[in-house]
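Novice: Below is the file protein_13.tsv, with TSV, C-alpha atoms.
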```
chain	number	residue	atom	x	y	z
A	1	MET	CA	167.67	-19.62	-143.76
A	2	ALA	CA	169.19	-16.35	-142.56
A	3	ASP	CA	169.07	-15.78	-138.83
A	4	ILE	CA	170.43	-12.76	-137.03
A	5	THR	CA	171.69	-12.47	-133.47
A	6	ILE	CA	169.85	-9.98	-131.27
A	7	LYS	CA	169.86	-9.28	-127.53
A	8	ILE	CA	166.64	-8.70	-125.59
A	9	THR	CA	166.56	-7.74	-121.92
A	10	ASP	CA	163.26	-8.89	-120.44
A	11	ARG	CA	161.17	-7.07	-117.83
A	12	GLU	CA	163.00	-8.90	-115.03
A	13	GLY	CA	166.34	-7.49	-116.22
A	14	VAL	CA	167.59	-10.78	-117.67
A	15	ALA	CA	169.47	-10.43	-120.97
A	16	HIS	CA	168.80	-13.03	-123.67
A	17	THR	CA	171.01	-13.40	-126.73
A	18	LEU	CA	169.03	-15.24	-129.35
A	19	GLN	CA	168.61	-16.04	-133.00
A	20	ALA	CA	165.83	-14.31	-134.91
A	21	PRO	CA	164.78	-15.51	-138.37
A	22	THR	CA	164.75	-12.98	-141.19
A	23	ASP	CA	162.93	-15.22	-143.64
A	24	MET	CA	159.61	-15.50	-141.80
A	25	ALA	CA	158.40	-11.86	-141.92
A	26	MET	CA	158.52	-11.66	-138.11
A	27	ASN	CA	158.72	-8.46	-136.14
A	28	LEU	CA	160.44	-7.92	-132.80
A	29	MET	CA	157.22	-8.35	-130.82
A	30	GLU	CA	156.64	-11.75	-132.45
A	31	VAL	CA	160.21	-12.80	-131.63
A	32	VAL	CA	159.65	-11.85	-127.97
A	33	ARG	CA	156.45	-13.90	-127.95
A	34	SER	CA	158.00	-16.90	-129.68
A	35	TYR	CA	160.81	-17.04	-127.09
A	36	GLU	CA	158.26	-16.45	-124.28
A	37	LEU	CA	160.24	-13.52	-122.87
A	38	ALA	CA	157.08	-11.89	-121.49
A	39	PRO	CA	154.02	-13.50	-119.92
A	40	GLU	CA	151.25	-14.25	-122.39
A	41	GLY	CA	148.73	-11.46	-122.63
A	42	THR	CA	151.27	-8.78	-121.66
A	43	ILE	CA	152.89	-8.13	-125.03
A	44	GLY	CA	151.35	-7.69	-128.45
A	45	VAL	CA	147.88	-7.23	-127.04
A	46	CYS	CA	146.61	-5.56	-130.24
A	47	GLY	CA	148.22	-8.19	-132.46
A	48	GLY	CA	150.87	-5.92	-133.86
A	49	MET	CA	148.69	-3.14	-135.24
A	50	ALA	CA	150.40	-0.25	-133.35
A	51	MET	CA	147.16	0.25	-131.42
A	52	CYS	CA	148.58	-0.41	-127.96
A	53	ALA	CA	152.01	0.02	-126.43
A	54	SER	CA	152.34	-3.40	-124.81
A	55	CYS	CA	155.36	-4.19	-127.02
A	56	GLN	CA	157.18	-0.94	-126.26
A	57	CYS	CA	160.91	-1.40	-125.97
A	58	TYR	CA	163.98	0.74	-125.54
A	59	ILE	CA	166.60	0.56	-128.29
A	60	LEU	CA	170.02	0.14	-126.67
A	61	SER	CA	172.19	-0.40	-129.75
A	62	GLU	CA	173.14	1.91	-132.60
A	63	THR	CA	171.23	-0.29	-135.06
A	64	ASN	CA	169.85	1.67	-138.00
A	65	LEU	CA	166.07	1.22	-137.69
A	66	PRO	CA	163.35	2.15	-140.17
A	67	GLU	CA	161.70	5.54	-139.68
A	68	MET	CA	158.91	5.66	-137.13
A	69	GLY	CA	155.51	5.72	-138.81
A	70	ASP	CA	152.63	8.03	-137.90
A	71	ASP	CA	150.68	5.26	-136.11
A	72	GLU	CA	153.67	4.28	-133.99
A	73	GLU	CA	154.47	7.90	-133.14
A	74	ALA	CA	150.85	8.57	-132.15
A	75	MET	CA	150.71	5.46	-129.94
A	76	LEU	CA	153.96	6.29	-128.17
A	77	SER	CA	152.74	9.85	-127.53
A	78	GLU	CA	149.99	8.34	-125.34
A	79	ALA	CA	151.98	5.51	-123.74
A	80	PHE	CA	153.54	5.25	-120.28
A	81	ASP	CA	157.28	4.96	-119.53
A	82	VAL	CA	158.23	6.44	-122.93
A	83	LYS	CA	161.87	7.44	-123.42
A	84	ASP	CA	163.74	9.04	-126.31
A	85	ASN	CA	164.78	5.56	-127.49
A	86	SER	CA	161.28	4.01	-127.27
A	87	ARG	CA	159.90	2.05	-130.20
A	88	LEU	CA	157.06	-0.42	-130.68
A	89	GLY	CA	158.44	-3.91	-131.27
A	90	CYS	CA	155.61	-4.73	-133.64
A	91	GLN	CA	156.89	-2.06	-136.02
A	92	ILE	CA	160.46	-3.41	-136.23
A	93	ASN	CA	160.69	-6.18	-138.81
A	94	MET	CA	163.49	-8.70	-138.51
A	95	THR	CA	165.81	-8.13	-141.46
A	96	LEU	CA	169.51	-8.70	-141.99
A	97	ASP	CA	170.01	-5.01	-141.12
A	98	MET	CA	168.85	-5.77	-137.56
A	99	GLU	CA	171.93	-7.91	-136.83
A	100	GLY	CA	173.24	-6.95	-133.38
A	101	LEU	CA	170.05	-5.19	-132.31
A	102	GLU	CA	169.86	-4.74	-128.52
A	103	VAL	CA	166.62	-3.80	-126.80
A	104	GLU	CA	165.10	-3.72	-123.34
A	105	LEU	CA	161.40	-4.40	-122.87
A	106	ALA	CA	159.57	-1.47	-121.32
A	107	PRO	CA	157.70	-2.09	-118.04
A	108	GLU	CA	154.24	-3.58	-118.38
A	109	SER	CA	151.69	-0.79	-118.18
```
Represent the structure contained in this file as structure tokens.

Specialist:
Amino acid sequence: MADITIKITDREGVAHTLQAPTDMAMNLMEVVRSYELAPEGTIGVCGGMAMCASCQCYILSETNLPEMGDDEEAMLSEAFDVKDNSRLGCQINMTLDMEGLEVELAPES
């Protein structure tokens, strides 16, 4: 089993350093849900289909992320509280390359 260490700052401003599995095909939104870092029903509302922005987060580290897809870009163009470093957590798969990833959850909208 290959876990990576990532840091997630929740919507209350509390930073959590945690282990995320890379062998379970999880994305960042699913990691947030599994650690219960956001109240149920406030993150991943669309189930990870890039059809809502409830899992929007701000990338704080220099981690090399995959290119943003058209669906993610379109959703963020309509979302609230978007910044230059905004991404949808459901579109960031946990891989060994994500080691050291640091994100902050965007405000609930």

Novice: Residues of segment 50-70 of chain A that approach segment 17-35 of chain A to 10 Å or less, counting all atoms listed in the file: could you list each one with the shortest pair of atoms and its distance in Å to one decimal, rows by chain and increasing residue number, as JSON lines?

Specialist:
```
{"residue": "A:Ser54", "atom": "CA", "partner": "A:Met29", "partner_atom": "CA", "distance": 9.2}
{"residue": "A:Cys55", "atom": "CA", "partner": "A:Met29", "partner_atom": "CA", "distance": 5.9}
{"residue": "A:Gln56", "atom": "CA", "partner": "A:Met29", "partner_atom": "CA", "distance": 8.7}
{"residue": "A:Cys57", "atom": "CA", "partner": "A:Met29", "partner_atom": "CA", "distance": 9.2}
```

Novice: Selection from above, C-alpha atoms, as a PDB file, in the coordinates of the input, can you write it?

Specialist:
```pdb
ATOM      1  CA  SER A  54     152.340  -3.400-124.810  1.00  0.00           C
ATOM      2  CA  CYS A  55     155.360  -4.190-127.020  1.00  0.00           C
ATOM      3  CA  GLN A  56     157.180  -0.940-126.260  1.00  0.00           C
ATOM      4  CA  CYS A  57     160.910  -1.400-125.970  1.00  0.00           C
TER       5      CYS A  57
END
```

Novice: Between atom CA of Tyr58 of chain A and atom CA of Val103 of chain A, what is the distance, to one decimal in Å?

Specialist: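 So the two atoms, atom CA of Tyr58 of chain A and atom CA of Val103 of chain A, lie 5.4 Å apart.
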
Novice: Give me, please, the distance in Å between atom CA of Asn93 of chain A and atom CA of Ala106 of chain A, quoted to one decimal.

Specialist: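 Straight-line distance from atom CA of Asn93 of chain A to atom CA of Ala106 of chain A works out to 18.1 Å.
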
Novice: Centre and edge lengths, as JSON, for the axis-aligned box enclosing every listed atom of segment 11-17 of chain A with 6 Å of padding on each of the six sides, in Å to one decimal?

Specialist:
```
{"center_x": 166.1, "center_y": -10.2, "center_z": -120.9, "size_x": 21.8, "size_y": 18.3, "size_z": 23.7}
```

Novice: Excluding same-chain residues fewer than 6 positions from Ala53 of chain A, what lies within 7 Å of it counting only C-alpha atoms, as a list in words?

Specialist: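 Returned residues: Met75, Leu76, Ala79 and Leu88 of chain A.
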
Novice: I need the residue nearest Val14 of chain A from this list: A:Gly47, A:Leu37, A:Asn64, A:Lys83. Use all atoms listed in the file for the distance.

Specialist: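 Ranked by minimum distance to Val14 of chain A, first place goes to A:Leu37.
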
Novice: Taking into account only C-alpha atoms, which residue in the set A:Glu67, A:Asp10, A:Glu40, A:Glu73 is nearest to Pro107 of chain A?

Specialist: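 Looking only at the distances to Pro107 of chain A, the closest residue turns out to be A:Asp10.
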
Novice: Find, counting only C-alpha atoms, the residue in A:Val45, A:Ala74, A:Leu105, A:Leu65 that gets nearest to Ile92 of chain A.

Specialist: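 Checking each candidate against Ile92 of chain A, we get A:Leu65 as the closest.
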
Novice: For Ser77 of chain A, which residue out of A:Thr63, A:Glu102, A:Met51, A:Gln91 is the nearest one, using only C-alpha atoms?

Specialist: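 Of A:Thr63, A:Glu102, A:Met51, A:Gln91, the one nearest Ser77 of chain A, counting only C-alpha atoms, is A:Met51.
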
Novice: So, counting all atoms listed in the file, which residue among A:Thr5, A:Glu36, A:Leu60, A:Gly41 is closest to Glu108 of chain A?

Specialist: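 Under the stated criterion, the closest residue is A:Gly41.
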
Novice: Would you mind telling me which residue in A:Ala2, A:Ile8, A:Glu78, A:Gly89 lies nearest to Gly44 of chain A when using all atoms listed in the file?

Specialist: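 Under the stated criterion, the closest residue is A:Gly89.
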
Novice: Please, what distance in Å, to one decimal, runs between atom CA of Ile43 of chain A and atom CA of Glu104 of chain A?

Specialist: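 Distance between the two atoms: 13.1 Å.
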